[in-house]
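Undergrad: Attaching a single structure in structure tokens format; questions to follow.
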Amino acid sequence: MSEDIILQASGLTKEFKGFVAVSNVDLTVRRGTIHALIGPNGAGKTTCFNLLTKFLQPTGGVIRYNGQDITAMQPADIARLGLVRSFQISAVFPKMSALENVRIALQRRRGDSFDFWRSEKVLAGLNHEAAALLEDVGLTDFSATLAGELPYGRKRALEIATTLALDPEMLLLDEPMAGMTQEDIDRISSLIRRISANRTIFMVEHNLSVVASLSDRITVLARGEVLAEGDYATVSKDSRVIDAYIGVGHG
Amino acid sequence: MATQASPLDTPRAASPGTAGMPVLHMVIFAGLLVLGLIAPYVLYPVFVMKVLCFALFACAFNLLLGFGGLLSFGHAAYFGGASYVSAHAAKIWGLSPELAILAGTGAAAVLGLAIGSLAIRRQGIYFAMVTLAFAQMVFFFSVQAPFTGGEDGIQSVPRGHLFGLISMAPDRNLYFFVLAVVSIGLLVIYRIIHSPFGQVLKGIRDNEPRMISLGYRTRRYKLAVFVLSAALAGTAGATKAIVFQLASLTDVYWTMSGEVVLMTLLGGMGTVFGPILGAAVIVTMQNYLATFGDWVTIGQGIIFVVAVMLFREGIVGVLARIIKRPL
Ligand SMILES: Nc1ncnc2c1ncn2[C@@H]1O[C@H](COP(=O)(O)OP(=O)(O)O)[C@@H](O)[C@H]1O
Ligand SMILES: [Mg+2]
């Protein structure tokens, strides 16, 4: 296996009671790239993410991360290896403030936090860094707001800040810009470009202009199978890709 | 569409950045302590001790439900189980009350570890069912086992001498010891909620998959809070056995598991002070309405329905929303 391949899945398959959501998918993500996974609704993109991060157990196939077989690992342990995902449905901690949301990710640095006898004061040392991450995503004014009360686009931004707080080697972002205003999209796009400097990013995104401008490589999924792969120019000219998008309707 | 709200009109999460206990909480704790010191001179001490034991029980339960997001329907097992161990330790082994209570607490922790490690493999209603099933096993064990005294329970438990020195026979003496035990228990719970561990718990309660994706092995935290909650519920039950000089089947019966749910919901789950108020209201009702027999049960049922329909957040939860401060 080549040094510059960070994530590789071969023969990845997931069956739900007879329905094959992901079928024999081969994926190779190169280190340091922004790789997009696109396809119509129901194509199996989120399921792929769930399999790669082991939130779902694959029916078949092998997943390797940095050359290590992670197919049998627990999801928390995969996160600890530096492969961190976000969720399609906004995943914040609604009853915690925006600052606490980011801080709980920074808290992972302490290792485990079973110290129930210690005051949470010991976490105050992380506040400064949490505030800096909030600033990166334009949330400085919302630092004390409960995450559940943020508008949708701000929740997505908070989620990205929380993910970045782990300083992961590789990020899996599931539709990070869905539901955002153009202004937010611009800010998050440039943030993604900036953080990609020393990271690998694998993202599902429906906004094709974002995909076109950000990604080095694109994999197109339809009905659980890989339909095409290549850079934007190649993929967008592929007649099967065009058919799949027109055939299933806009998603 | 939410706008750039000023920090003043958004509810603040437990004061990030500022250290230690918020002044408001300190004032409330101080107020409760003053009440606790006056109460035995105004009210019947044994009644107030009962309120105190149930306040601790409800707060221990709330630690699991309100902060861990785990609904146990079998907390009577730890409360009642510990009361048997404490009563046995005081009566048969002749331990002093503080050691008997420690023994009960330890036994509840061990029981919590055993049941919890099996229950946390399940989610939601299945979790509740597993905890209930094991609690029923503890109940049937208590009916059958020789050392629990079956239908009679363990009676005439000596109150003993605190540290082997101070007689706990006078109600007032025992009262101040119980007040100390319960106060320490409540402060321990407060600290657990406001610790790095407590932050992780809130994260799991709010969004467990997200915590997993951040690399937290959530099951271990759930087990840890289960054991802590069981142990503290045990402290409450063990203390109650010394107060009433009795350990009986009532305390391990499933209705006791239901009562603590009711106290917590009524007062406000996930609040610091709600379960204390909930326990006080329910115990007072049971005490003063005891002459009405079955009507108490019906009254409790009505309160439960009203609480669930009208204020899901509980009394203290509603207050916290009005003053926009966590309580
Ligand atoms: N847990 C599940 N059980 C059964 N079917 C599922 C489950 N998760 C996803 N699916 C099905 O798998 C297919 C792919 O879903 P998904 O991966 O969410 O698609 P995408 O993210 O590409 O829109 C859909 O038909 C969906 O209904
Ligand atoms: Mg999806």
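Chain identifiers are assigned as A, B, and so on, following the order in which chains appear in the structure tokens; residues are numbered from 1 within each chain, and ligands are numbered from 1 in order of appearance.
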Go through chain A and flag each residue having an atom no more than 12 Å from ligand 1; for those, report the closest pair of atoms plus their distance in Å to one decimal, using only C-alpha atoms and all ligand atoms, ordered by chain and rising number, as JSON lines.

TA:
{"residue": "A:Thr13", "atom": "CA", "partner": "ligand 1", "partner_atom_place_in_ligand_line": "12 (O)", "distance": 11.4}
{"residue": "A:Lys14", "atom": "CA", "partner": "ligand 1", "partner_atom_place_in_ligand_line": "12 (O)", "distance": 8.7}
{"residue": "A:Glu15", "atom": "CA", "partner": "ligand 1", "partner_atom_place_in_ligand_line": "5 (N)", "distance": 8.1}
{"residue": "A:Phe16", "atom": "CA", "partner": "ligand 1", "partner_atom_place_in_ligand_line": "4 (C)", "distance": 5.0}
{"residue": "A:Lys17", "atom": "CA", "partner": "ligand 1", "partner_atom_place_in_ligand_line": "4 (C)", "distance": 7.4}
{"residue": "A:Gly18", "atom": "CA", "partner": "ligand 1", "partner_atom_place_in_ligand_line": "4 (C)", "distance": 9.4}
{"residue": "A:Phe19", "atom": "CA", "partner": "ligand 1", "partner_atom_place_in_ligand_line": "5 (N)", "distance": 7.2}
{"residue": "A:Val20", "atom": "CA", "partner": "ligand 1", "partner_atom_place_in_ligand_line": "12 (O)", "distance": 7.4}
{"residue": "A:Ala21", "atom": "CA", "partner": "ligand 1", "partner_atom_place_in_ligand_line": "12 (O)", "distance": 4.4}
{"residue": "A:Val22", "atom": "CA", "partner": "ligand 1", "partner_atom_place_in_ligand_line": "14 (C)", "distance": 7.3}
{"residue": "A:Ser23", "atom": "CA", "partner": "ligand 1", "partner_atom_place_in_ligand_line": "14 (C)", "distance": 10.7}
{"residue": "A:Leu37", "atom": "CA", "partner": "ligand 1", "partner_atom_place_in_ligand_line": "22 (O)", "distance": 9.0}
{"residue": "A:Ile38", "atom": "CA", "partner": "ligand 1", "partner_atom_place_in_ligand_line": "22 (O)", "distance": 7.8}
{"residue": "A:Gly39", "atom": "CA", "partner": "ligand 1", "partner_atom_place_in_ligand_line": "22 (O)", "distance": 6.4}
{"residue": "A:Pro40", "atom": "CA", "partner": "ligand 1", "partner_atom_place_in_ligand_line": "22 (O)", "distance": 6.3}
{"residue": "A:Asn41", "atom": "CA", "partner": "ligand 1", "partner_atom_place_in_ligand_line": "23 (O)", "distance": 3.7}
{"residue": "A:Gly42", "atom": "CA", "partner": "ligand 1", "partner_atom_place_in_ligand_line": "19 (O)", "distance": 3.5}
{"residue": "A:Ala43", "atom": "CA", "partner": "ligand 1", "partner_atom_place_in_ligand_line": "22 (O)", "distance": 3.8}
{"residue": "A:Gly44", "atom": "CA", "partner": "ligand 1", "partner_atom_place_in_ligand_line": "17 (O)", "distance": 3.2}
{"residue": "A:Lys45", "atom": "CA", "partner": "ligand 1", "partner_atom_place_in_ligand_line": "22 (O)", "distance": 3.6}
{"residue": "A:Thr46", "atom": "CA", "partner": "ligand 1", "partner_atom_place_in_ligand_line": "21 (O)", "distance": 3.6}
{"residue": "A:Thr47", "atom": "CA", "partner": "ligand 1", "partner_atom_place_in_ligand_line": "17 (O)", "distance": 3.6}
{"residue": "A:Cys48", "atom": "CA", "partner": "ligand 1", "partner_atom_place_in_ligand_line": "17 (O)", "distance": 6.4}
{"residue": "A:Phe49", "atom": "CA", "partner": "ligand 1", "partner_atom_place_in_ligand_line": "17 (O)", "distance": 8.0}
{"residue": "A:Asn50", "atom": "CA", "partner": "ligand 1", "partner_atom_place_in_ligand_line": "17 (O)", "distance": 8.2}
{"residue": "A:Leu51", "atom": "CA", "partner": "ligand 1", "partner_atom_place_in_ligand_line": "17 (O)", "distance": 9.8}
{"residue": "A:Leu52", "atom": "CA", "partner": "ligand 1", "partner_atom_place_in_ligand_line": "17 (O)", "distance": 12.0}
{"residue": "A:Phe55", "atom": "CA", "partner": "ligand 1", "partner_atom_place_in_ligand_line": "1 (N)", "distance": 10.4}
{"residue": "A:Leu56", "atom": "CA", "partner": "ligand 1", "partner_atom_place_in_ligand_line": "1 (N)", "distance": 8.4}
{"residue": "A:Gln57", "atom": "CA", "partner": "ligand 1", "partner_atom_place_in_ligand_line": "1 (N)", "distance": 10.9}
{"residue": "A:Pro58", "atom": "CA", "partner": "ligand 1", "partner_atom_place_in_ligand_line": "1 (N)", "distance": 11.9}
{"residue": "A:Phe87", "atom": "CA", "partner": "ligand 1", "partner_atom_place_in_ligand_line": "21 (O)", "distance": 10.4}
{"residue": "A:Gln88", "atom": "CA", "partner": "ligand 1", "partner_atom_place_in_ligand_line": "21 (O)", "distance": 8.1}
{"residue": "A:Ile89", "atom": "CA", "partner": "ligand 1", "partner_atom_place_in_ligand_line": "21 (O)", "distance": 10.7}
{"residue": "A:Leu173", "atom": "CA", "partner": "ligand 1", "partner_atom_place_in_ligand_line": "21 (O)", "distance": 11.6}
{"residue": "A:Asp174", "atom": "CA", "partner": "ligand 1", "partner_atom_place_in_ligand_line": "21 (O)", "distance": 8.2}
{"residue": "A:Glu175", "atom": "CA", "partner": "ligand 1", "partner_atom_place_in_ligand_line": "21 (O)", "distance": 9.0}
{"residue": "A:Met203", "atom": "CA", "partner": "ligand 1", "partner_atom_place_in_ligand_line": "21 (O)", "distance": 11.3}
{"residue": "A:Val204", "atom": "CA", "partner": "ligand 1", "partner_atom_place_in_ligand_line": "21 (O)", "distance": 8.1}
{"residue": "A:Glu205", "atom": "CA", "partner": "ligand 1", "partner_atom_place_in_ligand_line": "21 (O)", "distance": 9.9}
{"residue": "A:His206", "atom": "CA", "partner": "ligand 1", "partner_atom_place_in_ligand_line": "23 (O)", "distance": 9.9}
{"residue": "A:Val220", "atom": "CA", "partner": "ligand 1", "partner_atom_place_in_ligand_line": "22 (O)", "distance": 10.1}
{"residue": "A:Leu221", "atom": "CA", "partner": "ligand 1", "partner_atom_place_in_ligand_line": "22 (O)", "distance": 7.6}
{"residue": "A:Ala222", "atom": "CA", "partner": "ligand 1", "partner_atom_place_in_ligand_line": "22 (O)", "distance": 7.9}
{"residue": "A:Arg223", "atom": "CA", "partner": "ligand 1", "partner_atom_place_in_ligand_line": "14 (C)", "distance": 7.6}
{"residue": "A:Gly224", "atom": "CA", "partner": "ligand 1", "partner_atom_place_in_ligand_line": "14 (C)", "distance": 7.1}
{"residue": "A:Glu225", "atom": "CA", "partner": "ligand 1", "partner_atom_place_in_ligand_line": "22 (O)", "distance": 10.6}
{"residue": "A:Val226", "atom": "CA", "partner": "ligand 1", "partner_atom_place_in_ligand_line": "22 (O)", "distance": 11.7}
{"residue": "A:Val248", "atom": "CA", "partner": "ligand 1", "partner_atom_place_in_ligand_line": "23 (O)", "distance": 11.7}
{"residue": "A:His250", "atom": "CA", "partner": "ligand 1", "partner_atom_place_in_ligand_line": "23 (O)", "distance": 11.6}
{"residue": "A:Gly251", "atom": "CA", "partner": "ligand 1", "partner_atom_place_in_ligand_line": "23 (O)", "distance": 8.2}

Undergrad: Could you produce a table of the residues of stretch 119-178 of chain A lying within 9 Å of stretch 186-195 of chain A, with the nearest pair of atoms per residue and their separation in Å rounded to one decimal, using only C-alpha atoms, ordered by chain and increasing residue number, as a Markdown table?

TA:
| residue | atom | partner | partner_atom | distance |
| --- | --- | --- | --- | --- |
| A:Asp136 | CA | A:Leu191 | CA | 7.6 |
| A:Val137 | CA | A:Ile188 | CA | 7.0 |
| A:Gly138 | CA | A:Arg187 | CA | 8.2 |
| A:Ala157 | CA | A:Ile188 | CA | 7.3 |
| A:Ile160 | CA | A:Ile188 | CA | 8.7 |
| A:Leu164 | CA | A:Ile195 | CA | 8.5 |
| A:Pro176 | CA | A:Ile188 | CA | 8.4 |
| A:Met177 | CA | A:Ile188 | CA | 7.6 |

Undergrad: Please produce a file of the residues just selected, as a PDB file, in the first residue's frame, where the atoms kept are N, CA, C and O atoms.

TA:
ATOM      1  N   ASP A 136     -12.973  31.428  14.452  1.00  0.00           N
ATOM      2  CA  ASP A 136     -12.693  30.891  13.115  1.00  0.00           C
ATOM      3  C   ASP A 136     -13.950  30.660  12.295  1.00  0.00           C
ATOM      4  O   ASP A 136     -13.929  30.745  11.074  1.00  0.00           O
ATOM      5  N   VAL A 137     -15.040  30.302  12.981  1.00  0.00           N
ATOM      6  CA  VAL A 137     -16.278  30.007  12.249  1.00  0.00           C
ATOM      7  C   VAL A 137     -17.302  31.124  12.423  1.00  0.00           C
ATOM      8  O   VAL A 137     -18.480  30.950  12.132  1.00  0.00           O
ATOM      9  N   GLY A 138     -16.847  32.253  12.942  1.00  0.00           N
ATOM     10  CA  GLY A 138     -17.721  33.419  13.040  1.00  0.00           C
ATOM     11  C   GLY A 138     -18.757  33.350  14.139  1.00  0.00           C
ATOM     12  O   GLY A 138     -19.849  33.895  14.017  1.00  0.00           O
ATOM     13  N   ALA A 157     -21.891  25.511  11.638  1.00  0.00           N
ATOM     14  CA  ALA A 157     -20.578  26.123  11.842  1.00  0.00           C
ATOM     15  C   ALA A 157     -19.986  25.666  13.179  1.00  0.00           C
ATOM     16  O   ALA A 157     -18.796  25.340  13.265  1.00  0.00           O
ATOM     17  N   ILE A 160     -18.555  22.238  12.949  1.00  0.00           N
ATOM     18  CA  ILE A 160     -17.237  22.197  12.310  1.00  0.00           C
ATOM     19  C   ILE A 160     -16.154  22.635  13.297  1.00  0.00           C
ATOM     20  O   ILE A 160     -15.096  22.007  13.403  1.00  0.00           O
ATOM     21  N   LEU A 164     -13.017  20.449  14.462  1.00  0.00           N
ATOM     22  CA  LEU A 164     -11.644  20.945  14.317  1.00  0.00           C
ATOM     23  C   LEU A 164     -10.903  20.968  15.644  1.00  0.00           C
ATOM     24  O   LEU A 164      -9.675  20.874  15.673  1.00  0.00           O
ATOM     25  N   PRO A 176     -21.714  19.587   4.973  1.00  0.00           N
ATOM     26  CA  PRO A 176     -21.445  20.637   5.959  1.00  0.00           C
ATOM     27  C   PRO A 176     -22.160  21.953   5.645  1.00  0.00           C
ATOM     28  O   PRO A 176     -22.372  22.750   6.543  1.00  0.00           O
ATOM     29  N   MET A 177     -22.522  22.170   4.409  1.00  0.00           N
ATOM     30  CA  MET A 177     -23.077  23.484   4.064  1.00  0.00           C
ATOM     31  C   MET A 177     -24.571  23.471   3.780  1.00  0.00           C
ATOM     32  O   MET A 177     -25.125  24.498   3.388  1.00  0.00           O
TER      33      MET A 177
END

Undergrad: When you look at A:Val102 with a cut-off of 9 Å (counting only C-alpha atoms), what residues show up, excluding the ones that are within fewer than 2 positions of it in the same chain? I need them as a ChimeraX atom specification.

TA: /A:97-100,104-107,127,130-131,133-134,158-159,161-165

Undergrad: Let me make sure I understand: among A:Ile6, A:Ala178, A:Leu12, A:Ala124, which one has the smallest atom-to-atom distance to ligand 2 if we use only C-alpha atoms and all ligand atoms?

TA: A:Ala178

Undergrad: Nearest to ligand 2 among A:Leu146, A:Ser86, A:Val29, A:Thr181, with distances taken over only C-alpha atoms and all ligand atoms: which residue is it?

TA: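 For ligand 2, the nearest of the candidates is A:Ser86.
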
Undergrad: Based on DSSP run over this structure's backbone, return all residues of stretch 22-99 of chain B in helix (DSSP H, G or I), as a ChimeraX atom specification.

TA: /B:23-42,45-67,76-91,97-99

Undergrad: Store the residues picked out above in a file with C-alpha atoms, as a PDB file, in the first residue's frame.

TA:
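To be explicit, this is the file written out as again-v5.pdb:
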ATOM      1  CA  VAL B  23     -23.431  32.741  43.956  1.00  0.00           C
ATOM      2  CA  LEU B  24     -27.098  31.881  43.436  1.00  0.00           C
ATOM      3  CA  HIS B  25     -26.439  28.201  44.139  1.00  0.00           C
ATOM      4  CA  MET B  26     -24.378  29.050  47.206  1.00  0.00           C
ATOM      5  CA  VAL B  27     -27.234  31.173  48.541  1.00  0.00           C
ATOM      6  CA  ILE B  28     -29.748  28.382  47.957  1.00  0.00           C
ATOM      7  CA  PHE B  29     -27.530  25.779  49.632  1.00  0.00           C
ATOM      8  CA  ALA B  30     -27.008  28.115  52.592  1.00  0.00           C
ATOM      9  CA  GLY B  31     -30.766  28.720  52.795  1.00  0.00           C
ATOM     10  CA  LEU B  32     -31.455  24.982  52.750  1.00  0.00           C
ATOM     11  CA  LEU B  33     -28.872  24.415  55.458  1.00  0.00           C
ATOM     12  CA  VAL B  34     -30.512  27.070  57.674  1.00  0.00           C
ATOM     13  CA  LEU B  35     -33.888  25.406  57.086  1.00  0.00           C
ATOM     14  CA  GLY B  36     -32.330  22.065  57.953  1.00  0.00           C
ATOM     15  CA  LEU B  37     -30.922  23.456  61.205  1.00  0.00           C
ATOM     16  CA  ILE B  38     -34.238  25.020  62.288  1.00  0.00           C
ATOM     17  CA  ALA B  39     -36.536  22.224  61.102  1.00  0.00           C
ATOM     18  CA  PRO B  40     -36.130  19.729  63.998  1.00  0.00           C
ATOM     19  CA  TYR B  41     -37.239  22.422  66.463  1.00  0.00           C
ATOM     20  CA  VAL B  42     -40.380  23.188  64.476  1.00  0.00           C
ATOM     21  CA  PRO B  45     -37.497  15.288  63.569  1.00  0.00           C
ATOM     22  CA  VAL B  46     -38.201  11.780  62.251  1.00  0.00           C
ATOM     23  CA  PHE B  47     -40.425  13.273  59.544  1.00  0.00           C
ATOM     24  CA  VAL B  48     -37.703  15.740  58.501  1.00  0.00           C
ATOM     25  CA  MET B  49     -35.139  12.923  58.452  1.00  0.00           C
ATOM     26  CA  LYS B  50     -37.421  10.998  56.130  1.00  0.00           C
ATOM     27  CA  VAL B  51     -37.580  14.024  53.820  1.00  0.00           C
ATOM     28  CA  LEU B  52     -33.777  14.279  53.931  1.00  0.00           C
ATOM     29  CA  CYS B  53     -33.274  10.609  53.032  1.00  0.00           C
ATOM     30  CA  PHE B  54     -35.668  10.854  50.116  1.00  0.00           C
ATOM     31  CA  ALA B  55     -34.114  14.135  48.963  1.00  0.00           C
ATOM     32  CA  LEU B  56     -30.764  12.365  48.706  1.00  0.00           C
ATOM     33  CA  PHE B  57     -32.374   9.371  47.009  1.00  0.00           C
ATOM     34  CA  ALA B  58     -34.071  11.604  44.420  1.00  0.00           C
ATOM     35  CA  CYS B  59     -30.904  13.611  43.775  1.00  0.00           C
ATOM     36  CA  ALA B  60     -28.925  10.383  43.294  1.00  0.00           C
ATOM     37  CA  PHE B  61     -31.564   9.181  40.849  1.00  0.00           C
ATOM     38  CA  ASN B  62     -31.536  12.546  39.083  1.00  0.00           C
ATOM     39  CA  LEU B  63     -27.772  12.266  38.649  1.00  0.00           C
ATOM     40  CA  LEU B  64     -28.447   9.260  36.433  1.00  0.00           C
ATOM     41  CA  LEU B  65     -31.613  10.475  34.682  1.00  0.00           C
ATOM     42  CA  GLY B  66     -31.163  14.227  34.507  1.00  0.00           C
ATOM     43  CA  PHE B  67     -27.433  14.324  33.863  1.00  0.00           C
ATOM     44  CA  ALA B  76     -35.411   0.615  44.690  1.00  0.00           C
ATOM     45  CA  ALA B  77     -32.871  -2.221  44.425  1.00  0.00           C
ATOM     46  CA  TYR B  78     -30.021   0.041  45.591  1.00  0.00           C
ATOM     47  CA  PHE B  79     -32.094   2.032  48.073  1.00  0.00           C
ATOM     48  CA  GLY B  80     -33.721  -1.020  49.629  1.00  0.00           C
ATOM     49  CA  GLY B  81     -30.738  -3.327  49.176  1.00  0.00           C
ATOM     50  CA  ALA B  82     -28.515  -0.882  51.058  1.00  0.00           C
ATOM     51  CA  SER B  83     -31.107  -0.517  53.825  1.00  0.00           C
ATOM     52  CA  TYR B  84     -30.967  -4.292  54.431  1.00  0.00           C
ATOM     53  CA  VAL B  85     -27.171  -4.307  54.505  1.00  0.00           C
ATOM     54  CA  SER B  86     -27.060  -1.285  56.800  1.00  0.00           C
ATOM     55  CA  ALA B  87     -29.685  -2.760  59.141  1.00  0.00           C
ATOM     56  CA  HIS B  88     -27.885  -6.117  59.191  1.00  0.00           C
ATOM     57  CA  ALA B  89     -24.519  -4.460  59.821  1.00  0.00           C
ATOM     58  CA  ALA B  90     -25.883  -2.404  62.719  1.00  0.00           C
ATOM     59  CA  LYS B  91     -27.949  -5.148  64.297  1.00  0.00           C
ATOM     60  CA  PRO B  97     -24.188   3.876  62.389  1.00  0.00           C
ATOM     61  CA  GLU B  98     -21.613   5.613  60.173  1.00  0.00           C
ATOM     62  CA  LEU B  99     -19.975   2.265  59.352  1.00  0.00           C
TER      63      LEU B  99
END

Undergrad: Quick one: everything within 9 Å of stretch 195-212 of chain B, counting only C-alpha atoms, minus sequence neighbours fewer than 4 positions away in the same chain. Send it as JSON, numbers by chain.

TA: {"A": [55, 75, 76, 77, 79, 85, 86, 87, 91, 92, 93, 94, 95, 96, 100, 101, 104, 105, 107, 112, 113, 114, 115, 116, 117, 118, 119, 120, 121, 122, 123], "B": [65, 66, 67, 68, 69, 70, 190, 191, 216, 217, 218, 221, 222, 225]}

Undergrad: B:Val252: which residues within 12 Å, counting only C-alpha atoms, same-chain residues fewer than 3 positions away excluded, as a PyMOL selection string?

TA: chain B and resi 73-84+132+134-143+148+150-151+153+233-234+237+247-249+255-259

Undergrad: Deliver the residues from the most recent selection as a file, using N, CA and C atoms, as a compact mmCIF listing (two decimals), in the first residue's frame.

TA:
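result-v7.txt, written as the output of this step:
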# COMPACT_ATOMS: atom_id res chain seq x y z
N PHE B 73 -35.55 2.13 36.03
CA PHE B 73 -36.80 1.90 36.72
C PHE B 73 -36.60 0.85 37.80
N GLY B 74 -35.38 0.81 38.33
CA GLY B 74 -35.11 -0.19 39.36
C GLY B 74 -34.25 0.34 40.48
N HIS B 75 -34.41 1.64 40.77
CA HIS B 75 -33.53 2.20 41.79
C HIS B 75 -33.88 1.76 43.21
N ALA B 76 -35.06 1.16 43.38
CA ALA B 76 -35.41 0.61 44.69
C ALA B 76 -34.39 -0.45 45.09
N ALA B 77 -33.82 -1.14 44.12
CA ALA B 77 -32.87 -2.22 44.43
C ALA B 77 -31.69 -1.69 45.25
N TYR B 78 -31.20 -0.50 44.90
CA TYR B 78 -30.02 0.04 45.59
C TYR B 78 -30.42 0.69 46.90
N PHE B 79 -31.57 1.38 46.87
CA PHE B 79 -32.09 2.03 48.07
C PHE B 79 -32.46 0.98 49.12
N GLY B 80 -33.26 0.02 48.71
CA GLY B 80 -33.72 -1.02 49.63
C GLY B 80 -32.62 -2.02 49.96
N GLY B 81 -31.83 -2.38 48.95
CA GLY B 81 -30.74 -3.33 49.18
C GLY B 81 -29.78 -2.79 50.23
N ALA B 82 -29.44 -1.50 50.10
CA ALA B 82 -28.52 -0.88 51.06
C ALA B 82 -29.15 -0.81 52.44
N SER B 83 -30.48 -0.61 52.50
CA SER B 83 -31.11 -0.52 53.82
C SER B 83 -31.03 -1.87 54.54
N TYR B 84 -31.14 -2.97 53.82
CA TYR B 84 -30.97 -4.29 54.43
C TYR B 84 -29.54 -4.47 54.95
N LEU B 132 -35.47 -2.66 35.66
CA LEU B 132 -36.66 -3.10 36.40
C LEU B 132 -36.59 -4.61 36.66
N PHE B 134 -34.00 -6.60 36.90
CA PHE B 134 -33.02 -6.94 37.94
C PHE B 134 -33.50 -6.49 39.32
N ALA B 135 -34.18 -5.34 39.36
CA ALA B 135 -34.70 -4.87 40.65
C ALA B 135 -35.74 -5.85 41.19
N GLN B 136 -36.54 -6.43 40.29
CA GLN B 136 -37.52 -7.43 40.73
C GLN B 136 -36.81 -8.67 41.27
N MET B 137 -35.67 -9.01 40.64
CA MET B 137 -34.90 -10.15 41.15
C MET B 137 -34.41 -9.86 42.56
N VAL B 138 -33.95 -8.62 42.78
CA VAL B 138 -33.50 -8.24 44.13
C VAL B 138 -34.67 -8.32 45.10
N PHE B 139 -35.86 -7.91 44.64
CA PHE B 139 -37.04 -7.97 45.49
C PHE B 139 -37.36 -9.41 45.88
N PHE B 140 -37.39 -10.31 44.90
CA PHE B 140 -37.71 -11.71 45.20
C PHE B 140 -36.65 -12.34 46.08
N PHE B 141 -35.41 -11.95 45.86
CA PHE B 141 -34.33 -12.41 46.74
C PHE B 141 -34.62 -11.96 48.17
N SER B 142 -35.06 -10.70 48.31
CA SER B 142 -35.33 -10.16 49.65
C SER B 142 -36.50 -10.87 50.33
N VAL B 143 -37.46 -11.33 49.53
CA VAL B 143 -38.59 -12.06 50.10
C VAL B 143 -38.11 -13.42 50.63
N THR B 148 -32.90 -11.24 55.38
CA THR B 148 -33.73 -10.05 55.25
C THR B 148 -35.00 -10.12 56.10
N GLY B 150 -37.75 -11.69 55.48
CA GLY B 150 -39.00 -11.87 54.71
C GLY B 150 -39.99 -10.74 54.90
N GLU B 151 -41.26 -11.12 55.17
CA GLU B 151 -42.33 -10.12 55.33
C GLU B 151 -42.06 -9.17 56.51
N GLY B 153 -39.14 -8.13 57.63
CA GLY B 153 -37.98 -7.26 57.46
C GLY B 153 -37.02 -7.39 58.63
N ALA B 233 -27.77 6.41 46.09
CA ALA B 233 -29.11 5.95 46.45
C ALA B 233 -29.00 5.00 47.64
N GLY B 234 -27.93 4.21 47.65
CA GLY B 234 -27.66 3.31 48.76
C GLY B 234 -27.42 4.06 50.06
N GLY B 237 -30.80 4.99 51.38
CA GLY B 237 -31.54 3.85 51.94
C GLY B 237 -30.93 3.35 53.24
N ALA B 247 -35.55 -2.24 58.18
CA ALA B 247 -35.39 -2.43 56.74
C ALA B 247 -36.50 -3.38 56.31
N SER B 248 -37.28 -2.96 55.30
CA SER B 248 -38.43 -3.80 54.94
C SER B 248 -38.59 -3.89 53.43
N LEU B 249 -39.52 -4.75 53.03
CA LEU B 249 -39.73 -4.99 51.60
C LEU B 249 -40.21 -3.73 50.86
N THR B 255 -42.69 -0.09 43.54
CA THR B 255 -43.36 1.20 43.72
C THR B 255 -42.38 2.26 44.23
N MET B 256 -41.35 1.81 44.96
CA MET B 256 -40.34 2.75 45.45
C MET B 256 -39.54 3.31 44.26
N SER B 257 -39.28 2.45 43.27
CA SER B 257 -38.61 2.92 42.05
C SER B 257 -39.47 3.96 41.36
N GLY B 258 -40.79 3.74 41.40
CA GLY B 258 -41.71 4.69 40.76
C GLY B 258 -41.76 6.01 41.51
N GLU B 259 -41.75 5.92 42.86
CA GLU B 259 -41.83 7.15 43.66
C GLU B 259 -40.67 8.08 43.39

Undergrad: Atom CA of A:His35 and atom CA of A:Phe202, how far apart in Å?

TA: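 Rounded to one decimal, the two atoms are 4.7 Å apart.
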
Undergrad: Rank A:Leu227, A:Asp69, A:Ser90, A:His128 by their smallest atom-to-atom distance to ligand 2, using only C-alpha atoms and all ligand atoms, and report the top residue only.

TA: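 Using only C-alpha atoms and all ligand atoms, ligand 2 sits closest to A:Ser90.
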
Undergrad: Considering only C-alpha atoms, can you say which of B:Val318, B:His194, B:Gly274, B:Ala107 comes closest to chain A?

TA: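 Smallest distance to chain A is found for B:His194.
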
Undergrad: Please give the complete set of residues from stretch 61-198 of chain A that DSSP, run on the backbone, assigns to strand (DSSP E or B), formatted as an MDAnalysis selection string.

TA: chainID A and resid 61:65 68:69 83:85 97 146 170:174

Undergrad: Separation of atom CA of B:Leu111 and atom CA of B:Ala230, in Å?

TA: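 These two atoms are separated by 7.8 Å.
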
Undergrad: Take atom CA of A:Leu126 and atom CA of A:Arg110 and report the distance between them in Å, one decimal.

TA: 10.5 Å
